[in-house]
Structure formats: structure tokens, C-alpha cells
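See below for the structure under consideration.
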Amino acid sequence: MTKEVTVKPSEINRYAFFRGKIVPISEAKVSIMTSALNYGTGVFEGIRAYWNEEEEQLYIFRLREHFERFLRNCRLLLIDLPYTVEQLCALAVELLQREGFRRDVYIRPLAYKSSEVIGVRLHDLESGCAIFAVPFGEYIDRPGGARVMVSSWRRLSDNAIPPRNKITGAYVNSALAKSEAHLNGFDDALMLTEDGHLSEGSAANLFLVRDGRLITSPVSDEILEGITRATVLQFAQDLGIEALERRIDRSEIYVADEAFLCGTAVGIVPLIEVDRRPIGTGTPGRISTELRSLYQATVRGMEPRYRRWCTPVYWARVLAGAEDR
């Protein structure tokens, strides 16, 4: 049975899922004594929804995969949530329906240690969950390609604070690198592992192109196990582009034919310069451009091959799991 939803345009976020229900955003508050605020003991997700003007539809991209990762990451910090993947997906859809956005959106689920106590630990603490969404444009607004630098800050290691988990406190590492890059006139930073291999961007995965082949760092080189990264690898397989996951020396990006960053927030952004050296011809390359165009069509529900990754918000079968997968 279809369910019609009236879409009311909204340019600001008005609601949040907080303490078990959807409430006005003004009521979604935590105490300054909250454990997660004091010690960074939370995990989060970034999920994008894209407006398709022709269909007047908002599509959430790879919603289920994001919440699957969200719950996996909760386990690392001993965060116990009373929700299934299906329930979280349904909550995200309901939240967007209430907001009525008619533009691109960023969805932020957050799970955190909610006890109001002082003391560094993960055990014997209560857990909380919140979800909110905000209108969101380009994270790196550089259609002609971005300029980056290799950061002086090294990527955290798995045995310190695992980068594969989206831990709130760990993003100080990314913030240091991002601000260093911006204050030095660059769009973003590339980060090295402790032993000097390329890991990823400040908050996005990295791909190089050499001799027509895609190369990306392995998950063991302190990267986030990116959903957009997995999407790019699937694109490459379907397009017949050879893709390798292997360690990348720092000097390889200086001699690469192409390079790009990818992630939920950034989408796919070609890189045209690193450390003030041009990458390839100094313009977005053929493979980067092809993958970016395919990605942009896919996330807006315009590519039939990957329509299964797009959850519609404003019409029938919106609850997670109901669509054909």
C-alpha cells in the first residue's frame, strides 16, 4: 500500500531524534557533565540525501550500509543501543519526512556515553542516541579540482584510536590536519601513516590513477572503511577499470596521472595539485571525471544499475528494507 507524504519546503533543521522520540531541535540538549562531551566517547555517521528535482524526490544514499557500520562502531566503545538497523533506517526516513527538505541534506546519527559523571572509562555508563539532519551543499566546492598538502600531522594508529571507527574524539586528528591545510592556502590535507605511507585525506579516502589503474590504500593503513570508497570500487569493477588496494608511497602521488578524494561528505573530488606540484596535467583526469559523473547520477537515483542504493523519502515503500535490494 502506498503512503503519500506532503513535502513542505524547509531550509533549516527543525527536529531531532533524541531520547527515544522525535522532538523540536531546541529540546535536543545534553548537560555539560555528559561523559561523551568531556571525553570524546561517542561514534557518529555521516549520511547524505540528495534532491532529485525532476522526480521531486529526496534519495538517501546507502542508508542501510551506514547504519550497519554505525552499530558495528558502537560495539568498540561498549555503546549498547536498543535499535536494529531497520529501526534506525525508519527513524531517519521519518525525520526527513517531518523536515520536508527539498534540497541536498546531511544526516548525522550520533551514539554516545550519556551518563553525567566525571571519570575516564567506557564500562558502567549509560548510552544515548540522537539523529539530526541539516541542509548541506558541497563540502569541498572545487568543481575544477582541489589543491591539497601532505599534513605534518600523522594519522592515528589502530592501536591508539582506530580510524576505521568514526569515534568523535578521534576527529581532533582530522581537525588539526584540515586547519593546517586551510591556513596554508590549501583545500584539504593528505595524511601519512606513522611509517610514512599515504593513508587518506583529513576526512575522506584517497585514490590515485597510474597507467589506467586505480590505487587506494588498504584498510590496514589507518583509513576509514569508507562506504563511498566501496562504491567507487564497485563502479571500477562494473566499468572494467582495474583497481588495486595496496600501500602507497608518499612520492607516488607526485608522479600519479590522476588522484581524487571520496567520501560521504565530499562525494568525489578530483585533486589537481599536491604540495604546490601539479598532479598529471593539473586538471581533473578522464577516470576521475567519469567516476564523479557516475556517482552524481547514482546518488540522485538517476542510474538504474544502482537504484537499489537509494532510499526514497517522500513516497511509497520508504521504510528501510521494504525496497527491493
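Residues are named by chain letter and number: chains run A, B, ... in the order of the C-alpha cells, numbers start at 1 in each chain, and ligands are numbered from 1 in the order shown.
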
Can you check which residues of segment 92-308 of chain A DSSP gives as strand (DSSP E or B) on the backbone and send them as a short mmCIF file (atom, residue, chain, number, x, y, z; two decimals) with N, CA and C atoms, in the first residue's frame?
```
data_model
loop_
_atom_site.label_atom_id
_atom_site.label_comp_id
_atom_site.auth_asym_id
_atom_site.auth_seq_id
_atom_site.Cartn_x
_atom_site.Cartn_y
_atom_site.Cartn_z
N VAL A 105 20.93 17.10 1.63
CA VAL A 105 20.89 17.06 3.09
C VAL A 105 22.02 16.19 3.62
N TYR A 106 22.50 16.52 4.80
CA TYR A 106 23.45 15.68 5.53
C TYR A 106 22.77 15.20 6.80
N ILE A 107 22.81 13.89 7.05
CA ILE A 107 22.17 13.28 8.22
C ILE A 107 23.27 12.85 9.19
N ARG A 108 23.12 13.22 10.45
CA ARG A 108 24.12 12.90 11.46
C ARG A 108 23.53 12.04 12.59
N PRO A 109 23.71 10.71 12.54
CA PRO A 109 23.41 9.87 13.70
C PRO A 109 24.58 9.93 14.68
N LEU A 110 24.27 9.93 15.95
CA LEU A 110 25.28 10.03 16.99
C LEU A 110 24.91 9.09 18.14
N ALA A 111 25.85 8.24 18.53
CA ALA A 111 25.68 7.38 19.70
C ALA A 111 26.78 7.74 20.69
N TYR A 112 26.44 7.83 21.96
CA TYR A 112 27.41 8.40 22.89
C TYR A 112 27.16 7.93 24.32
N LYS A 113 28.19 8.06 25.15
CA LYS A 113 28.07 7.78 26.57
C LYS A 113 27.36 8.96 27.23
N GLU A 116 26.07 11.39 33.21
CA GLU A 116 26.61 12.69 33.64
C GLU A 116 27.54 12.46 34.82
N SER A 127 24.09 4.76 27.64
CA SER A 127 24.31 5.12 26.24
C SER A 127 23.11 5.92 25.72
N GLY A 128 23.38 6.87 24.85
CA GLY A 128 22.33 7.65 24.23
C GLY A 128 22.46 7.61 22.72
N CYS A 129 21.38 8.01 22.03
CA CYS A 129 21.37 8.03 20.58
C CYS A 129 20.60 9.25 20.11
N ALA A 130 21.14 9.93 19.12
CA ALA A 130 20.46 11.08 18.53
C ALA A 130 20.66 11.07 17.02
N ILE A 131 19.72 11.66 16.30
CA ILE A 131 19.85 11.82 14.85
C ILE A 131 19.30 13.20 14.50
N PHE A 132 20.06 13.94 13.70
CA PHE A 132 19.53 15.19 13.16
C PHE A 132 20.00 15.32 11.71
N ALA A 133 19.42 16.25 10.99
CA ALA A 133 19.76 16.44 9.58
C ALA A 133 19.80 17.93 9.28
N VAL A 134 20.72 18.31 8.39
CA VAL A 134 20.86 19.73 8.04
C VAL A 134 20.99 19.86 6.53
N PRO A 135 20.50 20.97 5.94
CA PRO A 135 20.77 21.23 4.52
C PRO A 135 22.27 21.30 4.31
N ALA A 146 40.67 20.12 -6.55
CA ALA A 146 41.13 20.67 -5.28
C ALA A 146 42.65 20.61 -5.18
N ARG A 147 43.17 21.51 -4.37
CA ARG A 147 44.61 21.57 -4.08
C ARG A 147 44.84 21.14 -2.64
N VAL A 148 45.77 20.24 -2.43
CA VAL A 148 45.99 19.66 -1.10
C VAL A 148 47.47 19.71 -0.74
N MET A 149 47.73 19.47 0.54
CA MET A 149 49.10 19.36 1.03
C MET A 149 49.22 18.08 1.86
N VAL A 150 50.44 17.59 1.97
CA VAL A 150 50.70 16.47 2.88
C VAL A 150 50.87 17.07 4.27
N SER A 151 50.02 16.67 5.19
CA SER A 151 49.99 17.26 6.52
C SER A 151 51.22 16.86 7.34
N SER A 152 51.59 17.75 8.25
CA SER A 152 52.64 17.40 9.21
C SER A 152 52.10 16.53 10.34
N TRP A 153 50.77 16.44 10.43
CA TRP A 153 50.14 15.58 11.44
C TRP A 153 49.97 14.18 10.87
N ARG A 154 50.37 13.16 11.62
CA ARG A 154 50.23 11.77 11.17
C ARG A 154 48.86 11.23 11.55
N ILE A 167 34.94 7.62 15.60
CA ILE A 167 34.91 7.99 17.01
C ILE A 167 35.00 9.51 17.11
N ASP A 188 42.52 21.00 1.40
CA ASP A 188 42.45 19.86 2.31
C ASP A 188 43.85 19.31 2.52
N ALA A 189 43.93 18.30 3.38
CA ALA A 189 45.20 17.68 3.71
C ALA A 189 45.19 16.20 3.37
N LEU A 190 46.35 15.68 3.03
CA LEU A 190 46.57 14.24 2.94
C LEU A 190 47.38 13.82 4.16
N MET A 191 47.06 12.67 4.72
CA MET A 191 47.70 12.24 5.95
C MET A 191 48.51 10.98 5.72
N LEU A 192 49.64 10.90 6.41
CA LEU A 192 50.52 9.76 6.32
C LEU A 192 50.34 8.87 7.54
N HIS A 197 53.56 6.14 4.90
CA HIS A 197 52.78 5.81 3.71
C HIS A 197 51.50 6.66 3.66
N LEU A 198 51.02 6.93 2.45
CA LEU A 198 49.79 7.69 2.31
C LEU A 198 48.62 6.90 2.88
N SER A 199 47.84 7.55 3.72
CA SER A 199 46.67 6.92 4.32
C SER A 199 45.40 7.40 3.61
N GLU A 200 45.01 8.65 3.87
CA GLU A 200 43.78 9.20 3.29
C GLU A 200 43.79 10.71 3.48
N GLY A 201 42.69 11.36 3.12
CA GLY A 201 42.55 12.78 3.38
C GLY A 201 42.19 13.03 4.82
N ASN A 205 38.59 9.23 1.87
CA ASN A 205 39.53 8.25 1.33
C ASN A 205 40.21 8.79 0.09
N LEU A 206 41.33 8.19 -0.25
CA LEU A 206 42.18 8.65 -1.35
C LEU A 206 42.33 7.58 -2.42
N PHE A 207 42.24 7.99 -3.68
CA PHE A 207 42.53 7.13 -4.83
C PHE A 207 43.56 7.83 -5.71
N LEU A 208 44.49 7.06 -6.25
CA LEU A 208 45.38 7.52 -7.32
C LEU A 208 45.03 6.77 -8.59
N VAL A 209 45.42 7.35 -9.72
CA VAL A 209 45.34 6.66 -11.01
C VAL A 209 46.74 6.66 -11.61
N ARG A 210 47.24 5.46 -11.89
CA ARG A 210 48.54 5.32 -12.56
C ARG A 210 48.40 4.28 -13.68
N ARG A 213 45.11 2.44 -13.97
CA ARG A 213 44.65 1.61 -12.85
C ARG A 213 44.37 2.47 -11.62
N LEU A 214 43.31 2.14 -10.92
CA LEU A 214 43.01 2.79 -9.65
C LEU A 214 43.84 2.15 -8.54
N ILE A 215 44.35 2.99 -7.64
CA ILE A 215 45.11 2.50 -6.49
C ILE A 215 44.58 3.20 -5.25
N THR A 216 44.29 2.44 -4.21
CA THR A 216 43.82 3.02 -2.96
C THR A 216 44.48 2.31 -1.79
N ALA A 243 41.48 -2.13 -10.29
CA ALA A 243 41.63 -1.41 -9.03
C ALA A 243 42.48 -2.23 -8.08
N LEU A 244 43.44 -1.58 -7.45
CA LEU A 244 44.35 -2.24 -6.52
C LEU A 244 44.23 -1.61 -5.15
N GLU A 245 44.21 -2.43 -4.12
CA GLU A 245 44.31 -1.97 -2.74
C GLU A 245 45.69 -2.35 -2.24
N ASP A 249 53.34 4.77 -1.44
CA ASP A 249 54.43 5.64 -1.00
C ASP A 249 54.04 7.10 -1.20
N GLU A 258 46.42 10.83 -12.07
CA GLU A 258 45.24 11.46 -11.51
C GLU A 258 45.18 11.11 -10.03
N ALA A 259 44.37 11.83 -9.29
CA ALA A 259 44.07 11.49 -7.91
C ALA A 259 42.73 12.12 -7.54
N PHE A 260 42.04 11.50 -6.58
CA PHE A 260 40.80 12.11 -6.09
C PHE A 260 40.52 11.64 -4.68
N LEU A 261 39.76 12.46 -3.97
CA LEU A 261 39.23 12.12 -2.66
C LEU A 261 37.80 11.65 -2.82
N CYS A 262 37.37 10.76 -1.93
CA CYS A 262 35.97 10.34 -1.95
C CYS A 262 35.48 10.09 -0.54
N GLY A 263 34.22 10.41 -0.32
CA GLY A 263 33.60 10.20 0.98
C GLY A 263 32.17 10.68 0.95
N GLY A 267 31.75 13.52 -1.55
CA GLY A 267 31.41 12.88 -2.82
C GLY A 267 32.68 12.40 -3.47
N ILE A 268 32.92 12.79 -4.71
CA ILE A 268 34.19 12.52 -5.39
C ILE A 268 34.75 13.86 -5.87
N VAL A 269 35.93 14.20 -5.38
CA VAL A 269 36.57 15.48 -5.71
C VAL A 269 37.94 15.21 -6.32
N PRO A 270 38.13 15.51 -7.60
CA PRO A 270 39.46 15.35 -8.22
C PRO A 270 40.49 16.25 -7.55
N LEU A 271 41.72 15.78 -7.46
CA LEU A 271 42.84 16.57 -6.96
C LEU A 271 43.69 17.00 -8.14
N ILE A 272 44.06 18.27 -8.17
CA ILE A 272 44.86 18.76 -9.29
C ILE A 272 46.24 19.24 -8.86
N GLU A 273 46.46 19.28 -7.53
CA GLU A 273 47.75 19.76 -7.05
C GLU A 273 48.00 19.22 -5.65
N VAL A 274 49.24 18.83 -5.37
CA VAL A 274 49.64 18.43 -4.02
C VAL A 274 50.98 19.08 -3.71
N ARG A 277 52.57 21.09 -6.37
CA ARG A 277 53.01 20.39 -7.58
C ARG A 277 51.76 19.91 -8.33
N PRO A 278 51.68 20.08 -9.63
CA PRO A 278 50.51 19.60 -10.37
C PRO A 278 50.45 18.07 -10.37
#
```

Test item: residues at most 7 Å from Tyr59 of chain A, only C-alpha atoms, excluding those fewer than 6 positions along its chain, as a PyMOL selection string: chain A and resi 49-51+300-301+310-313

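Comparing the minimum interatomic distances between Glu53 of chain A and each of A:Arg72, A:His182, A:Arg103, A:Lys29, counting only C-alpha atoms, we find that A:Arg103 sits nearest.
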
Nearest to Gly119 of chain A by atom-to-atom distance, counting only C-alpha atoms, from A:Asn38, A:Ser179, A:Ser202, A:Asn159: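 Checking each of A:Asn38, A:Ser179, A:Ser202, A:Asn159 against Gly119 of chain A, counting only C-alpha atoms, the winner is A:Asn38.
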
Minimum-distance residue to Pro162 of chain A, chosen among A:Glu252, A:Glu222, A:Glu126, A:Glu180 (using only C-alpha atoms):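 Looking at the shortest contact to Pro162 of chain A, the residue is A:Glu222.
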
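Closest to Glu56 of chain A among A:Ser31, A:Phe101, A:Arg121, A:Ser288 is A:Phe101, based on only C-alpha atoms.
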
Interatomic distance, atom CA of Ser115 of chain A to atom CA of Glu65 of chain A (Å, one decimal):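 Interatomic distance, atom CA of Ser115 of chain A to atom CA of Glu65 of chain A: 28.4 Å.
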
Nearest-residue call for Phe186 of chain A, choices A:Asp104, A:Glu290, A:Arg276, A:Pro218, using only C-alpha atoms: A:Arg276

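Comparing A:Ala265, A:Gln57, A:Leu71, A:Glu94 by their smallest distance to Lys21 of chain A, the closest is A:Glu94 (using only C-alpha atoms).
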
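Residues of segment 131-197 of chain A that DSSP places in helix (DSSP H, G or I), based on the backbone of this structure, are Thr168, Gly169, Ala170, Tyr171, Val172, Asn173, Ser174, Ala175, Leu176, Ala177, Lys178, Ser179, Glu180, Ala181, His182 and Leu183 of chain A.
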